[in-house]
Structure formats: C-alpha cells, structure tokens
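One structure is given below, encoded as structure tokens.
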2 protein chains.
Amino acid sequence: MEHVSFSPLSRVAICGGTHGNEMSGVYIVREMQKQKVDQKGSVSITTVLSNPRAVDACRRYMETDLNRCFTDALLSAPITDSTPYELRRAHELNAQLGPKGSREAVDLLCDIHNTTANMGMCLIFYSSDWINLHIYKYIQSKMTSAPVRAFLIDVPPSEAYSLETVGKHGVAIEVGPQPHGVLRADIFNMAKDAVDLSIEWLQKFNSGSAFEGGEVEAYTLVRSVDYPRDPTTNDITAAIHPQLQDNDFKLLHPGDPVFQSFSGEMVKHEGEDLYPLFVNECAYYEKKIAFHLTKKITVTLPTVSVKED
Amino acid sequence: MEHVSFSPLSRVAICGGTHGNEMSGVYIVREMQKQKVDQKGSVSITTVLSNPRAVDACRRYMETDLNRCFTDALLSAPITDSTPYELRRAHELNAQLGPKGSREAVDLLCDIHNTTANMGMCLIFYSSDWINLHIYKYIQSKMTSAPVRAFLIDVPPSEAYSLETVGKHGVAIEVGPQPHGVLRADIFNMAKDAVDLSIEWLQKFNSGSAFEGGEVEAYTLVRSVDYPRDPTTNDITAAIHPQLQDNDFKLLHPGDPVFQSFSGEMVKHEGEDLYPLFVNECAYYEKKIAFHLTKKITVTLPTVSVKED
C-alpha cells in the first residue's frame, strides 16, 4: 500500500458563525474562547467568530454571503468604499488565517456549519486531499451518535469560494437537522465531537502515528434540482414530497416521489438512481434549489504519517 | 346542558405571513389567492398576506413584530413619519378586517403561524370564547395527522396584541416543527386542514347545525423560563437538554433535566409538575425565552347554534 508523509500539522483554526444564523459554530467558538482553548499538545488552536455582525443580527449574512468570498479573484480584488462588509471581512480572515495557497496559511481550517436538512454529520471538502480524507475516516470510526459522510466538491482551489479553502487543508463540518437561529444540544454535541476528533487526529499524526490507508466512501454532485415553478410568475408551485423530506442520502429510484404540488399532484424522480443531499435546506430554499443529487464514489487512501524533519 | 345561540358567522379572514419567515401561511394564502377562493357556501373568505415586505425579505419582521401591534393603544396611536412599517401595516389590517371590537369586524380571523418547536397542531386564542373553543373541538375531532391542542391566553381584549384579536372571534393556528424560512409539506398539509375545517365548521353552523357542548382540555401559561446565563456578560450558558428538546406538552416532573450547560452540567426542573410549550422556539430564542411552562385546564362548553333572525 502507498505511504505518503507530510510535514507536521501544528496550526489549526476552528471557525464558527461564518453564517450568522447557524448557531452550533457560534456557541462552540464562544465556549472555546471562554475556556481559553489555544493549545492541545503539539497543536496550536485559533478560534474565530467569522461574521460577527451577522451573528449579532442572527442572519446568514449582512450584505453578501461570506462563504462565497474566498476565491482567488475576490481575495485579490481591491477594497473600495462600495466593497460589501463580508468581502472586507474575507480579506481580514485571509490575512489572519492564510493567505490562501501560501506557506503561512494554517495547516487545517475547520469551519462549523449547520443545516435544516436531515444530513447527520457531513464533512465537505473541495478536493481529494489525503489529510482531509484521513480526518474524515478517523471521525467516522470514532463517532457513534450519527452517520458520518463526506461530500466532495470538484472545483480548482483558485475558484473554491468557501472559508475552509484558506487553510492548507480545510473541512466544513455540516450538521443537521437544526433550524437556523436555533441551538440544539444534540447537534452542538455532534459538531463539538467532530472538532475534538479533528484536533485529536492532528496530535496523533504529529506524534508519529501512521494512519493506515484503505477505502472510504464519499458523495459527489451530479446535478442540483430546482422547485417546480409557474412558468409566467416563476413562483414555486410545490413542496418537497413528504416521502423525500428528511431522507437525505437515501437512494432515489426513478418513479420515487420528490415534489407535492400545492394543488395536490405528485412529481416523480426521473433518470438514474441517485442520492439526494441538502433536501429543503433553508439557504438553498432562499436561492431556490430544492436539493442536490449525488453519486457515491470510493476513494482509495494511502497510509499517511508525519515527515521526520 | 346550557345552549347559547349566536348570529350567523359569514365573514372569515385567512391570514398568513404575519411573520415573514413562517412559510406555511405564506404558501396557503398564496395558493388560495391563486385559486381565487373567496366564497364557500354561506361563508365569504378574505385572504391576506399580512406582512408582504417581511415575506419578501424572508424575515420575521422589518422594523417591529407585526403580531405585537394590535393592542387598542397601538391601533389608536397617531401615525407619524417615525411610525415603524409594521405599525402602519397594523392600522391598514385593522381598517380592512376590523376595526377591532366593532360590529364591522370579520366574524372569524384565522392567522397561520409555524414554530420550530415540536408542538404539532396548537390553536392559540385569547379568551374562553365559545366559538373559538367549538372550532378547536371540531378540528380536534376531525384531524388525525397530529395531536391538536389549545393554548389559552388570559389577557383582556384591549391589551391582546396579536392579529387574530381584530376579528370578532380569532384563532392563531400554530404548527410545528418547521424551521423558519422552510416549507415542509407535512406542516403545510396540517395547517391547510385546520383552515378548511374552520371554514367547514362555519358553514355547518350557519346552516343550522347545533354543536353539542361538553368538556375540552386546554393549556394556560404558568410562567416562562429563561436560558441560564453568565451573570456578568448575560450570555446564554446552556442549551435545552436533549431529554426536553422536542418534548413539548410532555409533563415535566421535579428533577427532570431541562438544560445542558456548554461545560457539561445538567439543570433540573424545580417546582410542581407542568407542561413545557414552545421549547427552543426560534423567535423566543431571539428574545431569550427557553420555553413556557403551562398547566392543563378543563373548560365546559355550552351547546351552540345559530340565532334565527
């Protein structure tokens, strides 16, 4: 089996409140700051409340979605009087935790999100990065409170727009279901466990543990599905069907119901067998996406360990 | 058994979007408007999107909570340049559907809300009004999809602040759990059933059916419970305990867990046996109320029928 070694991973950033109404991250970061958690063994920890104004307002964002601001193009755009608050904040975060793509960037950036969709614990990352995938494998092997899955987004780093891409390695911890603006203890505990296990993995890695390779499963996007609409007004004309609601990651077969129109008709899934994801997620609802359809892939990991300097 | 007769109840208003991020009412009203529902037998129906600006923004309200604007004092206050949008809108709604307390007011006002709390179908009204209570009894006898309960608020009409108090009779239809900003088909269907059954009851009543009296159960407020807080910063220091979360209307005994602090300690219920309500409701969270504690009461209803003119 392949064996890959990496330099020590000693600097981690734990971020919350990137979306100001996703309360798990807000409260995890505040609690870590209150308890002055800044070092665990070989790992130095920076905790960041990413969008404090949106957190104060309990809104996703004030002017523009902060978690869409971290492309190379936006991070290198000049700041002017008309630059939205969130893009200014993205430049600050990039200076503090990055710069993205540089040697100065933190080794691992964990950004805590939550979703109204019934997704359990889902780790989201932008590339088949061995470190990210090994941390996912570790969390999956240790957590018992919910299924742990990974959603891989296949976009080049320069175009990847979310905060976790500022780190050398980066993962979004997405947990649900939890309404926006609400803090649930079960979701808080799951997200906190994932943060603690990520830090624990880094400590073990730095102390010389080799993490054995093997196969892991992950999901990748096939296409997004919009709500049915009135062709003249563009108004949504149907809700997610009760048989699909809350069934993220449950294989959809052709003919399975996906929408229930307000006048009572059923709309069925067409095409191949696929896995729905982010079903009826509030933020996607705002932007008019009903759910994603994904396929399951298998990734073969090498064994990884720390490089002796 | 007592028998009370009332004049025909021929004018009903169905309102949604009083809180702009509670989607069930928004979509029920839009669908009724699209289908041009304005008369069912003896009942004329007015449909109203109460707070259109907040609906467009998918926020609870823009400047002040519309559903706190319908006291006699606020409805008689002069409108000035600094009057918030929602108070102006309250005056408009009072002119359209009231005036509150007058003979011109609609006979029944149903205002559709939803909650992040796991409350099933809960009808909320401000006084022991025989018509409201008979409609509640009727819905309870017909609905099978969820438990149907009533929460009675004991406040004089002049001080009652919510929209449904503008009608001669009025009920808030509160359904959950549903995240704010999300539309779930199951919650939509429940709220729509309650609206249809209310109109069906009015039709039967007007056509001469006598509705037999009897006993109904309802809940009344004992006290509200705040989240535990840091005495210096006033920050919330605990989440609703997983054993209380989602257990609205499940009797709390002394010693039952109610909060789980972020540092791990459990806080227990003290005092007498009571029923929790609106547990971890998003809007109350915003205003820092963790839940209400209520007691169950029994109300004896007279038989009611229409008065022959």
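In the structure tokens, chains take letters A, B, ... by order of appearance, with residues numbered from 1 within each chain and ligands from 1 in the order shown.
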
Determine which residues of segment 165-271 of chain A DSSP labels as helix (DSSP H, G or I) from the backbone of this structure, then write them out as a PyMOL selection string. chain A and resi 165-166+185-206

Test item: chain A residues at most 8 Å from chain B, counting only C-alpha atoms, as a compact mmCIF listing (two decimals) with all heavy atoms, in the first residue's frame:
# COMPACT_ATOMS: atom_id res chain seq x y z
N GLU A 31 -17.57 29.12 23.38
CA GLU A 31 -17.23 28.31 24.55
C GLU A 31 -15.72 28.03 24.58
O GLU A 31 -15.10 28.11 25.64
CB GLU A 31 -18.04 27.01 24.52
CG GLU A 31 -17.92 26.17 25.78
CD GLU A 31 -18.40 26.86 27.05
OE1 GLU A 31 -19.19 27.82 26.98
OE2 GLU A 31 -17.94 26.44 28.14
N THR A 116 -30.69 22.85 7.89
CA THR A 116 -32.05 22.42 8.21
C THR A 116 -32.34 21.04 7.62
O THR A 116 -33.34 20.42 7.96
CB THR A 116 -33.09 23.42 7.67
OG1 THR A 116 -32.93 23.53 6.25
CG2 THR A 116 -32.92 24.78 8.30
N GLN A 178 -31.07 21.17 12.03
CA GLN A 178 -31.24 22.21 13.05
C GLN A 178 -31.77 23.46 12.36
O GLN A 178 -31.18 23.91 11.37
CB GLN A 178 -29.90 22.51 13.72
CG GLN A 178 -29.97 23.64 14.76
CD GLN A 178 -28.70 23.78 15.57
OE1 GLN A 178 -28.56 23.19 16.62
NE2 GLN A 178 -27.76 24.57 15.08
N PRO A 179 -32.88 24.02 12.86
CA PRO A 179 -33.36 25.27 12.25
C PRO A 179 -32.32 26.37 12.41
O PRO A 179 -31.59 26.41 13.40
CB PRO A 179 -34.62 25.61 13.07
CG PRO A 179 -35.03 24.34 13.72
CD PRO A 179 -33.76 23.58 13.96
N HIS A 180 -32.23 27.25 11.44
CA HIS A 180 -31.36 28.41 11.60
C HIS A 180 -31.91 29.28 12.73
O HIS A 180 -33.12 29.41 12.90
CB HIS A 180 -31.27 29.18 10.28
CG HIS A 180 -30.57 28.39 9.21
ND1 HIS A 180 -29.63 27.42 9.51
CD2 HIS A 180 -30.65 28.42 7.86
CE1 HIS A 180 -29.17 26.89 8.39
NE2 HIS A 180 -29.78 27.46 7.37
N GLY A 181 -31.01 29.86 13.50
CA GLY A 181 -31.42 30.68 14.65
C GLY A 181 -31.67 29.87 15.91
O GLY A 181 -31.95 30.44 16.96
N VAL A 182 -31.59 28.55 15.83
CA VAL A 182 -31.85 27.67 16.97
C VAL A 182 -30.57 26.90 17.30
O VAL A 182 -29.82 26.53 16.41
CB VAL A 182 -32.98 26.67 16.64
CG1 VAL A 182 -33.08 25.56 17.69
CG2 VAL A 182 -34.32 27.39 16.52
N LEU A 183 -30.32 26.68 18.59
CA LEU A 183 -29.23 25.81 19.02
C LEU A 183 -29.82 24.56 19.64
O LEU A 183 -30.59 24.65 20.61
CB LEU A 183 -28.35 26.53 20.06
CG LEU A 183 -27.15 25.71 20.54
CD1 LEU A 183 -26.07 25.68 19.47
CD2 LEU A 183 -26.61 26.27 21.84
N ARG A 184 -29.52 23.41 19.08
CA ARG A 184 -29.96 22.13 19.65
C ARG A 184 -28.74 21.47 20.31
O ARG A 184 -27.66 21.40 19.71
CB ARG A 184 -30.49 21.20 18.57
CG ARG A 184 -31.82 21.58 17.97
CD ARG A 184 -32.22 20.57 16.90
NE ARG A 184 -32.39 19.25 17.46
CZ ARG A 184 -33.57 18.69 17.74
NH1 ARG A 184 -34.70 19.33 17.46
NH2 ARG A 184 -33.64 17.49 18.29
N ALA A 185 -28.93 20.91 21.50
CA ALA A 185 -27.81 20.28 22.21
C ALA A 185 -27.27 19.08 21.44
O ALA A 185 -26.05 18.87 21.38
CB ALA A 185 -28.24 19.87 23.62
N ASP A 186 -28.16 18.29 20.80
CA ASP A 186 -27.67 17.10 20.10
C ASP A 186 -26.75 17.49 18.92
O ASP A 186 -25.70 16.87 18.71
CB ASP A 186 -28.82 16.19 19.64
CG ASP A 186 -29.91 16.91 18.84
OD1 ASP A 186 -29.83 18.15 18.67
OD2 ASP A 186 -30.84 16.22 18.36
N ALA A 239 -44.05 21.71 -2.84
CA ALA A 239 -43.14 21.47 -1.71
C ALA A 239 -42.43 20.14 -1.94
O ALA A 239 -42.89 19.31 -2.73
CB ALA A 239 -43.93 21.43 -0.42
N ILE A 240 -41.32 19.94 -1.24
CA ILE A 240 -40.68 18.62 -1.22
C ILE A 240 -41.71 17.60 -0.75
O ILE A 240 -42.42 17.83 0.23
CB ILE A 240 -39.48 18.64 -0.23
CG1 ILE A 240 -38.39 19.61 -0.70
CG2 ILE A 240 -38.94 17.23 -0.02
CD1 ILE A 240 -37.58 19.14 -1.87
N HIS A 241 -41.80 16.47 -1.42
CA HIS A 241 -42.77 15.44 -1.05
C HIS A 241 -42.42 14.87 0.34
O HIS A 241 -41.24 14.68 0.64
CB HIS A 241 -42.76 14.33 -2.10
CG HIS A 241 -43.93 13.40 -1.98
ND1 HIS A 241 -43.99 12.39 -1.05
CD2 HIS A 241 -45.11 13.37 -2.65
CE1 HIS A 241 -45.15 11.76 -1.17
NE2 HIS A 241 -45.85 12.33 -2.15
N PRO A 242 -43.45 14.59 1.15
CA PRO A 242 -43.16 14.03 2.48
C PRO A 242 -42.28 12.77 2.44
O PRO A 242 -41.54 12.53 3.38
CB PRO A 242 -44.56 13.71 3.04
CG PRO A 242 -45.48 14.67 2.34
CD PRO A 242 -44.90 14.89 0.97
N GLN A 245 -38.74 14.36 2.05
CA GLN A 245 -38.35 15.21 3.17
C GLN A 245 -37.65 14.38 4.25
O GLN A 245 -38.15 13.30 4.60
CB GLN A 245 -39.60 15.90 3.74
CG GLN A 245 -39.36 16.79 4.95
CD GLN A 245 -38.70 18.11 4.57
OE1 GLN A 245 -39.12 18.79 3.65
NE2 GLN A 245 -37.64 18.44 5.30
N GLN A 260 -44.58 17.56 -4.06
CA GLN A 260 -46.04 17.53 -3.94
C GLN A 260 -46.51 18.94 -4.25
O GLN A 260 -46.19 19.88 -3.52
CB GLN A 260 -46.44 17.12 -2.52
CG GLN A 260 -47.93 17.14 -2.26
CD GLN A 260 -48.25 16.84 -0.80
OE1 GLN A 260 -48.11 15.71 -0.32
NE2 GLN A 260 -48.65 17.88 -0.07
N PHE A 262 -48.87 22.26 -4.69
CA PHE A 262 -49.86 22.84 -3.77
C PHE A 262 -51.28 22.48 -4.19
O PHE A 262 -52.20 22.56 -3.39
CB PHE A 262 -49.68 24.35 -3.67
CG PHE A 262 -48.33 24.74 -3.13
CD1 PHE A 262 -47.57 25.71 -3.74
CD2 PHE A 262 -47.82 24.10 -2.01
CE1 PHE A 262 -46.32 26.05 -3.25
CE2 PHE A 262 -46.57 24.43 -1.50
CZ PHE A 262 -45.82 25.41 -2.13
N ASN A 280 -34.33 20.43 0.96
CA ASN A 280 -35.12 21.52 1.55
C ASN A 280 -34.30 22.36 2.52
O ASN A 280 -34.85 22.91 3.49
CB ASN A 280 -36.36 20.95 2.26
CG ASN A 280 -37.58 21.86 2.12
OD1 ASN A 280 -37.55 22.86 1.42
ND2 ASN A 280 -38.65 21.52 2.79
N GLU A 281 -32.99 22.48 2.29
CA GLU A 281 -32.14 23.32 3.12
C GLU A 281 -32.59 24.78 2.97
O GLU A 281 -32.80 25.28 1.87
CB GLU A 281 -30.67 23.16 2.69
CG GLU A 281 -29.74 24.33 2.97
CD GLU A 281 -29.56 24.69 4.44
OE1 GLU A 281 -29.73 23.84 5.32
OE2 GLU A 281 -29.28 25.87 4.69
N CYS A 282 -32.70 25.41 4.12
CA CYS A 282 -33.24 26.77 4.18
C CYS A 282 -32.50 27.73 3.25
O CYS A 282 -33.11 28.47 2.49
CB CYS A 282 -33.14 27.25 5.61
SG CYS A 282 -33.83 28.85 5.89
N TYR A 285 -33.24 27.02 -0.19
CA TYR A 285 -34.62 27.44 -0.46
C TYR A 285 -34.64 28.92 -0.86
O TYR A 285 -35.23 29.30 -1.87
CB TYR A 285 -35.44 27.22 0.81
CG TYR A 285 -36.92 27.28 0.55
CD1 TYR A 285 -37.57 26.19 0.01
CD2 TYR A 285 -37.65 28.42 0.83
CE1 TYR A 285 -38.92 26.23 -0.25
CE2 TYR A 285 -39.00 28.47 0.59
CZ TYR A 285 -39.63 27.36 0.06
OH TYR A 285 -40.97 27.42 -0.19
N GLU A 286 -33.92 29.72 -0.08
CA GLU A 286 -33.78 31.16 -0.36
C GLU A 286 -33.28 31.38 -1.79
O GLU A 286 -33.74 32.25 -2.51
CB GLU A 286 -32.76 31.70 0.64
CG GLU A 286 -32.70 33.17 0.88
CD GLU A 286 -31.62 33.44 1.93
OE1 GLU A 286 -31.85 33.15 3.12
OE2 GLU A 286 -30.55 33.94 1.55

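Minimum atom-to-atom distances from A:Leu221, A:Val26, A:Ala73, A:Cys110 to Pro157 of chain A were compared using only C-alpha atoms, and the lowest value belongs to A:Ala73.
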
Determine, counting only C-alpha atoms, which protein, DNA and RNA residues have an atom within 10 Å of an atom of Lys168 of chain A; residues of the same chain fewer than 5 positions away are not included. Present the result as a list in words.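 Once the adjacent positions are removed, what remains is Leu9, Arg11, Val12, Leu97, Gly98, Pro99, Lys100, Gly101, Ser102, Arg103, Glu104, Ala105, Val106, Asp107, Leu108, Leu109, Asp129 and Ile131 of chain A.
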
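In this structure, atom CA of Val222 of chain B sits 23.7 Å away from atom CA of Asp65 of chain B.
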
Using only C-alpha atoms, which residues sit within 12 Å of Gln39 of chain B once same-chain residues fewer than 5 positions away are excluded, as a ChimeraX atom specification? /B:10-13,32-33,44-47,199-200,202-203

Take the residues from that selection and write them out as a PDB file, in the first residue's frame, keeping C-alpha atoms.
ATOM      1  CA  SER B  10     -70.488  34.630   7.492  1.00  0.00           C
ATOM      2  CA  ARG B  11     -67.202  36.531   7.073  1.00  0.00           C
ATOM      3  CA  VAL B  12     -63.837  34.843   7.657  1.00  0.00           C
ATOM      4  CA  ALA B  13     -60.333  36.158   7.055  1.00  0.00           C
ATOM      5  CA  MET B  32     -55.959  30.307  -2.021  1.00  0.00           C
ATOM      6  CA  GLN B  33     -55.464  33.607  -3.855  1.00  0.00           C
ATOM      7  CA  SER B  44     -67.230  34.746   2.370  1.00  0.00           C
ATOM      8  CA  ILE B  45     -63.456  34.424   2.591  1.00  0.00           C
ATOM      9  CA  THR B  46     -60.839  37.187   2.607  1.00  0.00           C
ATOM     10  CA  THR B  47     -57.224  36.050   2.210  1.00  0.00           C
ATOM     11  CA  ILE B 199     -64.482  27.129   7.289  1.00  0.00           C
ATOM     12  CA  GLU B 200     -66.434  23.842   7.228  1.00  0.00           C
ATOM     13  CA  LEU B 202     -68.755  27.950   9.989  1.00  0.00           C
ATOM     14  CA  GLN B 203     -70.774  26.569   7.065  1.00  0.00           C
TER      15      GLN B 203
END

Counting only C-alpha atoms, give me one row per residue of segment 136-218 of chain B with an atom at most 10 Å from an atom of segment 119-127 of chain B, showing the shortest contact pair and its distance in Å to one decimal, sorted by chain then residue number, as a tab-separated table.
residue	atom	partner	partner_atom	distance
B:Tyr136	CA	B:Leu123	CA	7.0
B:Ile139	CA	B:Leu123	CA	9.6
B:Gln140	CA	B:Met121	CA	9.2
B:Met143	CA	B:Met121	CA	9.4
B:Ser145	CA	B:Gly120	CA	9.0
B:Ala146	CA	B:Gly120	CA	5.7
B:Pro147	CA	B:Gly120	CA	6.0
B:Val148	CA	B:Met121	CA	4.8
B:Arg149	CA	B:Cys122	CA	4.8
B:Ala150	CA	B:Leu123	CA	4.7
B:Phe151	CA	B:Ile124	CA	4.8
B:Leu152	CA	B:Phe125	CA	5.3
B:Ile153	CA	B:Tyr126	CA	4.5
B:Asp154	CA	B:Tyr126	CA	5.9
B:Val155	CA	B:Tyr126	CA	6.4
B:Pro156	CA	B:Tyr126	CA	7.9
B:Pro157	CA	B:Tyr126	CA	7.5
B:Ala160	CA	B:Tyr126	CA	7.1
B:Tyr161	CA	B:Tyr126	CA	9.6
B:Ser162	CA	B:Tyr126	CA	9.1
B:Glu164	CA	B:Phe125	CA	8.0
B:Thr165	CA	B:Tyr126	CA	7.5
B:His169	CA	B:Phe125	CA	8.9
B:Gly170	CA	B:Phe125	CA	6.7
B:Val171	CA	B:Phe125	CA	5.1
B:Ala172	CA	B:Ile124	CA	5.0
B:Ile173	CA	B:Leu123	CA	4.9
B:Glu174	CA	B:Cys122	CA	5.1
B:Val175	CA	B:Met121	CA	4.7
B:Gly176	CA	B:Gly120	CA	5.2
B:Pro177	CA	B:Met119	CA	6.5
B:Gln178	CA	B:Met119	CA	9.9
B:Ile187	CA	B:Gly120	CA	8.5
B:Met190	CA	B:Met121	CA	7.3
B:Ala191	CA	B:Met121	CA	7.7
B:Ala194	CA	B:Met121	CA	8.5
B:Ala218	CA	B:Leu123	CA	9.5

Restricting the calculation to only C-alpha atoms: of B:Asn51, B:Thr144, B:Thr220, B:Ser198, which residue gets closest to Lys296 of chain B?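 Ranking B:Asn51, B:Thr144, B:Thr220, B:Ser198 by distance to Lys296 of chain B, first place goes to B:Thr220.
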
So how many Å separate atom CA of Pro84 of chain B and atom CA of Val48 of chain B, to one decimal?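 Distance reported for this atom pair: 19.9 Å.
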
Within 7 Å of His292 of chain B, counting only C-alpha atoms, which residues qualify if same-chain residues fewer than 6 places away don't, as a list in words?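 Within the cut-off, the hits are Leu221, Arg223, Ser224, Val225, Pro276, Leu277 and Phe278 of chain B.
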
Distance in Å - atom CA of Val279 of chain A versus atom CA of Leu244 of chain A: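 Taking atom CA of Val279 of chain A and atom CA of Leu244 of chain A, their separation equals 7.8 Å.
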
Write out as a VMD selection string all residues of segment 35-242 of chain A that DSSP puts in strand (DSSP E or B) for this structure's backbone. chain A and resid 39 to 40 43 to 49 108 to 114 120 to 125 148 to 152 169 to 176 211 214 to 225 229 236 238 to 240
